[in-house]
>>> print(open('model.cif').read())   # mmCIF, C-alpha atoms and all ligand atoms
data_my_file
loop_
_atom_site.group_PDB
_atom_site.id
_atom_site.type_symbol
_atom_site.label_atom_id
_atom_site.label_comp_id
_atom_site.auth_asym_id
_atom_site.auth_seq_id
_atom_site.Cartn_x
_atom_site.Cartn_y
_atom_site.Cartn_z
ATOM 1 C CA MET A 161 7.255 -24.164 -7.591
ATOM 2 C CA LEU A 162 4.873 -21.470 -6.431
ATOM 3 C CA TYR A 163 6.232 -18.088 -7.417
ATOM 4 C CA GLU A 164 5.995 -15.633 -4.577
ATOM 5 C CA ARG A 165 7.026 -12.054 -4.641
ATOM 6 C CA GLU A 166 9.662 -10.653 -2.333
ATOM 7 C CA ALA A 167 8.674 -11.491 1.240
ATOM 8 C CA LEU A 168 7.043 -8.272 2.307
ATOM 9 C CA ASP A 169 5.209 -9.311 5.392
ATOM 10 C CA THR A 170 7.825 -7.681 7.529
ATOM 11 C CA PRO A 171 7.173 -5.178 10.299
ATOM 12 C CA GLU A 172 9.334 -2.706 8.324
ATOM 13 C CA TRP A 173 7.084 -2.929 5.263
ATOM 14 C CA TRP A 174 3.912 -2.352 7.272
ATOM 15 C CA GLN A 175 5.619 0.498 9.086
ATOM 16 C CA GLY A 176 6.447 2.019 5.701
ATOM 17 C CA LEU A 177 2.777 1.727 4.779
ATOM 18 C CA ASP A 178 1.730 3.371 8.058
ATOM 19 C CA GLU A 179 4.099 6.281 7.459
ATOM 20 C CA MET A 180 2.684 6.728 3.974
ATOM 21 C CA ILE A 181 -0.894 6.614 5.285
ATOM 22 C CA GLU A 182 -0.031 9.337 7.780
ATOM 23 C CA ARG A 183 1.513 11.539 5.083
ATOM 24 C CA GLN A 184 -1.420 11.044 2.721
ATOM 25 C CA HIS A 185 -3.897 11.747 5.489
ATOM 26 C CA GLU A 186 -2.114 14.989 6.381
ATOM 27 C CA GLN A 187 -1.852 16.065 2.766
ATOM 28 C CA TYR A 188 -5.462 15.301 1.825
ATOM 29 C CA PRO A 189 -7.508 15.601 5.018
ATOM 30 C CA GLU A 190 -10.661 16.402 3.026
ATOM 31 C CA SER A 191 -10.463 13.648 0.435
ATOM 32 C CA VAL A 192 -10.012 10.057 1.486
ATOM 33 C CA GLN A 193 -10.262 8.935 -2.127
ATOM 34 C CA THR A 194 -7.319 11.136 -3.206
ATOM 35 C CA ALA A 195 -5.312 9.919 -0.236
ATOM 36 C CA LEU A 196 -6.131 6.322 -1.084
ATOM 37 C CA ILE A 197 -4.864 6.058 -4.664
ATOM 38 C CA PRO A 198 -1.105 6.333 -3.939
ATOM 39 C CA LEU A 199 -1.554 3.901 -1.043
ATOM 40 C CA LEU A 200 -3.194 1.349 -3.312
ATOM 41 C CA HIS A 201 -0.373 1.814 -5.847
ATOM 42 C CA TYR A 202 2.173 1.246 -3.090
ATOM 43 C CA VAL A 203 0.474 -1.988 -2.038
ATOM 44 C CA GLN A 204 -0.057 -3.288 -5.547
ATOM 45 C CA ASN A 205 3.548 -2.548 -6.545
ATOM 46 C CA ALA A 206 4.685 -4.592 -3.588
ATOM 47 C CA PHE A 207 2.327 -7.584 -3.740
ATOM 48 C CA GLY A 208 1.311 -7.511 -7.385
ATOM 49 C CA TYR A 209 -2.287 -7.078 -6.223
ATOM 50 C CA VAL A 210 -4.152 -5.523 -3.303
ATOM 51 C CA PRO A 211 -4.602 -8.210 -0.651
ATOM 52 C CA GLU A 212 -7.478 -8.177 1.807
ATOM 53 C CA LYS A 213 -5.196 -7.676 4.795
ATOM 54 C CA ALA A 214 -3.829 -4.452 3.253
ATOM 55 C CA ILE A 215 -7.362 -3.223 2.516
ATOM 56 C CA ASN A 216 -8.374 -3.860 6.125
ATOM 57 C CA HIS A 217 -5.245 -2.174 7.411
ATOM 58 C CA ILE A 218 -5.705 0.966 5.292
ATOM 59 C CA ALA A 219 -9.431 1.184 6.047
ATOM 60 C CA GLN A 220 -8.793 1.010 9.756
ATOM 61 C CA ALA A 221 -5.978 3.560 9.621
ATOM 62 C CA LEU A 222 -8.076 6.025 7.613
ATOM 63 C CA GLY A 223 -11.217 5.376 9.651
ATOM 64 C CA VAL A 224 -13.357 4.365 6.667
ATOM 65 C CA PRO A 225 -15.287 1.141 6.004
ATOM 66 C CA THR A 226 -13.413 -1.702 4.335
ATOM 67 C CA ALA A 227 -16.098 -1.723 1.624
ATOM 68 C CA TYR A 228 -15.153 1.841 0.716
ATOM 69 C CA VAL A 229 -11.468 0.977 0.149
ATOM 70 C CA CYS A 230 -12.547 -2.132 -1.771
ATOM 71 C CA GLY A 231 -14.889 -0.051 -3.894
ATOM 72 C CA VAL A 232 -12.146 2.426 -4.858
ATOM 73 C CA ALA A 233 -9.684 -0.401 -5.625
ATOM 74 C CA SER A 234 -12.189 -2.234 -7.820
ATOM 75 C CA PHE A 235 -13.270 0.935 -9.654
ATOM 76 C CA TYR A 236 -9.834 1.379 -11.261
ATOM 77 C CA SER A 237 -8.859 -1.384 -13.669
ATOM 78 C CA TYR A 238 -5.185 -0.908 -12.775
ATOM 79 C CA PHE A 239 -5.780 -2.417 -9.335
ATOM 80 C CA SER A 240 -6.401 -6.096 -8.871
ATOM 81 C CA LEU A 241 -7.939 -7.732 -5.832
ATOM 82 C CA GLU A 242 -6.781 -11.149 -7.046
ATOM 83 C CA PRO A 243 -3.171 -12.390 -7.017
ATOM 84 C CA LYS A 244 -1.393 -11.893 -10.332
ATOM 85 C CA GLY A 245 1.464 -13.786 -11.903
ATOM 86 C CA ALA A 246 5.068 -12.621 -11.803
ATOM 87 C CA PHE A 247 4.780 -11.812 -15.525
ATOM 88 C CA THR A 248 1.810 -10.504 -17.463
ATOM 89 C CA ILE A 249 1.520 -11.702 -21.044
ATOM 90 C CA SER A 250 -0.314 -9.301 -23.350
ATOM 91 C CA VAL A 251 -0.958 -10.552 -26.858
ATOM 92 C CA CYS A 252 -1.921 -7.575 -28.996
ATOM 93 C CA LEU A 253 -5.326 -8.109 -30.562
ATOM 94 C CA GLY A 254 -5.310 -4.857 -32.524
ATOM 95 C CA THR A 255 -6.137 -5.088 -36.221
ATOM 96 C CA ALA A 256 -2.579 -5.364 -37.594
ATOM 97 C CA CYS A 257 -1.739 -8.149 -35.151
ATOM 98 C CA PHE A 258 -5.135 -9.834 -35.411
ATOM 99 C CA VAL A 259 -4.895 -10.268 -39.185
ATOM 100 C CA ARG A 260 -1.445 -11.802 -38.731
ATOM 101 C CA GLY A 261 -2.633 -14.513 -36.379
ATOM 102 C CA ALA A 262 -2.617 -12.943 -32.909
ATOM 103 C CA GLN A 263 -5.650 -14.952 -31.790
ATOM 104 C CA ALA A 264 -3.832 -18.223 -32.521
ATOM 105 C CA ILE A 265 -0.879 -16.976 -30.449
ATOM 106 C CA LEU A 266 -3.133 -16.054 -27.539
ATOM 107 C CA ASP A 267 -4.836 -19.464 -27.771
ATOM 108 C CA GLU A 268 -1.438 -21.153 -27.759
ATOM 109 C CA PHE A 269 -0.334 -19.309 -24.613
ATOM 110 C CA CYS A 270 -3.594 -20.306 -22.914
ATOM 111 C CA ARG A 271 -3.250 -23.910 -24.064
ATOM 112 C CA GLN A 272 0.365 -24.253 -22.934
ATOM 113 C CA LEU A 273 -0.227 -22.541 -19.620
ATOM 114 C CA ASP A 274 -3.592 -24.201 -19.075
ATOM 115 C CA VAL A 275 -5.445 -20.981 -18.280
ATOM 116 C CA GLU A 276 -8.268 -18.979 -19.798
ATOM 117 C CA ALA A 277 -7.469 -15.506 -21.126
ATOM 118 C CA GLY A 278 -7.496 -13.224 -18.081
ATOM 119 C CA GLY A 279 -6.341 -16.057 -15.825
ATOM 120 C CA THR A 280 -3.250 -16.669 -13.712
ATOM 121 C CA THR A 281 -1.305 -19.932 -13.700
ATOM 122 C CA SER A 282 -1.481 -22.008 -10.539
ATOM 123 C CA ASP A 283 2.272 -21.488 -9.956
ATOM 124 C CA ARG A 284 1.648 -17.702 -10.175
ATOM 125 C CA ILE A 285 4.352 -17.195 -12.783
ATOM 126 C CA PHE A 286 2.049 -15.914 -15.536
ATOM 127 C CA THR A 287 -1.116 -13.900 -15.948
ATOM 128 C CA VAL A 288 -2.478 -13.919 -19.499
ATOM 129 C CA SER A 289 -4.196 -10.634 -20.222
ATOM 130 C CA ASP A 290 -7.565 -10.908 -21.937
ATOM 131 C CA SER A 291 -7.728 -7.421 -23.419
ATOM 132 C CA SER A 292 -4.742 -6.036 -25.260
ATOM 133 C CA ARG A 293 -5.439 -3.425 -27.885
ATOM 134 C CA CYS A 294 -2.855 -1.900 -30.250
ATOM 135 C CA LEU A 295 0.479 -1.695 -28.461
ATOM 136 C CA GLY A 296 1.796 0.877 -30.909
ATOM 137 C CA ALA A 297 4.230 -1.414 -32.718
ATOM 138 C CA CYS A 298 2.081 -2.446 -35.700
ATOM 139 C CA GLY A 299 5.120 -2.700 -37.995
ATOM 140 C CA GLN A 300 6.299 -5.579 -35.791
ATOM 141 C CA ALA A 301 2.977 -7.442 -35.804
ATOM 142 C CA PRO A 302 2.060 -9.783 -34.314
ATOM 143 C CA VAL A 303 3.351 -8.365 -31.060
ATOM 144 C CA VAL A 304 3.392 -9.878 -27.589
ATOM 145 C CA MET A 305 4.392 -7.887 -24.529
ATOM 146 C CA ILE A 306 5.532 -9.575 -21.374
ATOM 147 C CA ASP A 307 5.614 -6.869 -18.760
ATOM 148 C CA ASP A 308 7.799 -4.266 -20.525
ATOM 149 C CA ASP A 309 9.500 -6.670 -22.959
ATOM 150 C CA VAL A 310 8.320 -6.500 -26.561
ATOM 151 C CA HIS A 311 8.355 -9.705 -28.599
ATOM 152 C CA ALA A 312 7.966 -8.903 -32.279
ATOM 153 C CA LYS A 313 6.712 -10.989 -35.188
ATOM 154 C CA VAL A 314 5.750 -13.842 -32.911
ATOM 155 C CA VAL A 315 4.328 -17.066 -34.305
ATOM 156 C CA ALA A 316 2.536 -19.768 -32.336
ATOM 157 C CA GLN A 317 5.624 -21.997 -32.592
ATOM 158 C CA ASP A 318 7.587 -19.398 -30.541
ATOM 159 C CA VAL A 319 5.271 -19.672 -27.559
ATOM 160 C CA ALA A 320 6.959 -22.661 -25.889
ATOM 161 C CA ASP A 321 10.379 -20.957 -25.998
ATOM 162 C CA ILE A 322 8.974 -17.693 -24.658
ATOM 163 C CA VAL A 323 7.253 -19.500 -21.789
ATOM 164 C CA ALA A 324 10.444 -21.444 -20.993
ATOM 165 C CA GLU A 325 12.514 -18.244 -20.987
ATOM 166 C CA TYR A 326 10.313 -16.558 -18.384
ATOM 167 C CA GLU A 327 9.912 -19.687 -16.279
ATOM 168 C CA ALA A 328 13.709 -19.904 -16.112
ATOM 169 C CA ARG A 329 13.861 -16.236 -15.145
ATOM 170 C CA ALA A 330 11.332 -16.786 -12.330
ATOM 171 C CA ARG A 331 13.310 -19.801 -11.098
ATOM 172 C CA ARG A 332 16.584 -17.848 -11.107
ATOM 173 C CA GLU A 333 14.954 -15.034 -9.194
ATOM 174 C CA MET A 334 13.536 -17.424 -6.585
ATOM 175 C CA GLN A 335 16.904 -19.158 -6.208
ATOM 176 C CA ALA A 336 18.781 -15.874 -5.827
ATOM 177 C CA ARG A 337 16.263 -14.834 -3.192
ATOM 178 C CA GLU A 338 16.660 -18.095 -1.282
ATOM 179 C CA GLU A 339 20.448 -17.704 -1.378
ATOM 180 C CA ARG A 340 20.146 -14.154 -0.057
ATOM 181 C CA ALA A 341 17.843 -15.351 2.729
ATOM 182 C CA ARG A 342 20.305 -18.121 3.661
ATOM 183 C CA ALA A 343 23.210 -15.645 3.654
ATOM 184 C CA ASP A 344 21.197 -13.263 5.859
ATOM 185 C CA ALA A 345 20.372 -16.085 8.264
ATOM 186 C CA ARG A 346 24.066 -17.057 8.445
ATOM 187 C CA SER A 347 25.132 -13.477 9.121
ATOM 188 C CA HIS A 348 22.635 -13.253 11.988
ATOM 189 C CA VAL A 349 24.023 -16.436 13.544
ATOM 190 C CA GLN A 350 27.642 -15.185 13.392
HETATM 191 S S1 LIG B 1 -2.176 -3.698 -33.800
HETATM 192 FE FE1 LIG B 1 -0.733 -4.800 -32.624
HETATM 193 S S2 LIG B 1 0.792 -3.334 -32.241
HETATM 194 FE FE2 LIG B 1 -0.693 -2.242 -33.341
#
>>> encode(input="model.cif", output="structure tokens", more="lines below")
Ligand code: FES
Amino acid sequence: MLYEREALDTPEWWQGLDEMIERQHEQYPESVQTALIPLLHYVQNAFGYVPEKAINHIAQALGVPTAYVCGVASFYSYFSLEPKGAFTISVCLGTACFVRGAQAILDEFCRQLDVEAGGTTSDRIFTVSDSSRCLGACGQAPVVMIDDDVHAKVVAQDVADIVAEYEARARREMQAREERARADARSHVQ
């Protein structure tokens, strides 16, 4: 199963982007960079990363070179030009977690998912972050965050169950989406 985010390649989505570009352009006529940041957020929130086609589209609409938009997107670590998984696993490597075995937990995630730290699984369900500093929950060390979910006092033996839980969640989401798409298709036929 290849996890894909909500199908966004619809004319409505691109129209929404165009409307936002227009608003940003009007609001910040003197600063393309200021206008660009919310647009890049909008794209990344939708796709999970900033795809080349969106970069080209924005560059053309703002009348700037593609390399400029790319440069702004790659300057900020929040933006990714590579596809990311549905879930991002962040194993805290701060001191309190490190001394309680966080590195072994990170290694176990990488081993089970067959990726290097920083990598994304081939089914695009997981990205394993390679740089997680103190997550502010030292009393719960070692801590793993998966998106906004905090997993406290994790041990390497928990990793398989955690992975299975999120894989099941991704599958349920994909199934629900397929059912919605089938229901939509049926309602168009009727
Ligand atoms: S060191 Fe891991 S939460 Fe603080």
>>> resolve_selection(input="model.cif", expression="the PyMOL selection byres (((chain A and resi 322) around 12) and not hetatm)", output="NGL selection string")
:A and (247 or 249 or 265 or 268-269 or 272-273 or 286 or 304-306 or 309-312 or 314-321 or 323-329)
>>> resolve_selection(input="model.cif", expression="the PyMOL selection byres (((chain A and resi 215) around 10) and not hetatm)", output="list of chain:residue names")
A:Leu199, A:Leu200, A:Val203, A:Val210, A:Pro211, A:Glu212, A:Lys213, A:Ala214, A:Asn216, A:His217, A:Ile218, A:Ala219, A:Gln220, A:Ala221, A:Pro225, A:Thr226, A:Ala227, A:Tyr228, A:Val229, A:Cys230, A:Ala233, A:Leu241
>>> closest_residue(input="model.cif", among="A:Ser282, A:Ser347, A:Ser250, A:Thr287", to="ligand LIG 1 (chain B)", atoms="all atoms listed in the file")
A:Ser250
>>> closest_residue(input="model.cif", among="A:Gly261, A:Cys294, A:Ala256, A:Ala206", to="Trp173 (chain A)", atoms="only C-alpha atoms")
A:Ala206
>>> residues_near_ligand(input="model.cif", ligand="ligand LIG 1 (chain B)", cutoff="6 Å", atoms="all atoms listed in the file", output="number ranges by chain")
A: 252, 254-257, 294-298, 301-303
>>> atom_distance(input="model.cif", atom1="CA of Ser291 (chain A)", atom2="CA of Leu253 (chain A)")
7.6 Å
>>> resolve_selection(input="model.cif", expression="the PyMOL selection byres (((chain A and resi 184) around 10) and not hetatm)", output="VMD selection string")
chain A and resid 178 to 183 185 to 189 191 to 192 194 to 199 222
>>> atom_distance(input="model.cif", atom1="CA of Ser292 (chain A)", atom2="CA of Arg331 (chain A)")
26.8 Å
>>> atom_distance(input="model.cif", atom1="CA of Glu242 (chain A)", atom2="CA of Thr281 (chain A)")
12.3 Å
>>> closest_residue(input="model.cif", among="A:Val232, A:Ala262, A:Ala330, A:Leu177", to="Arg293 (chain A)", atoms="all atoms listed in the file")
A:Ala262
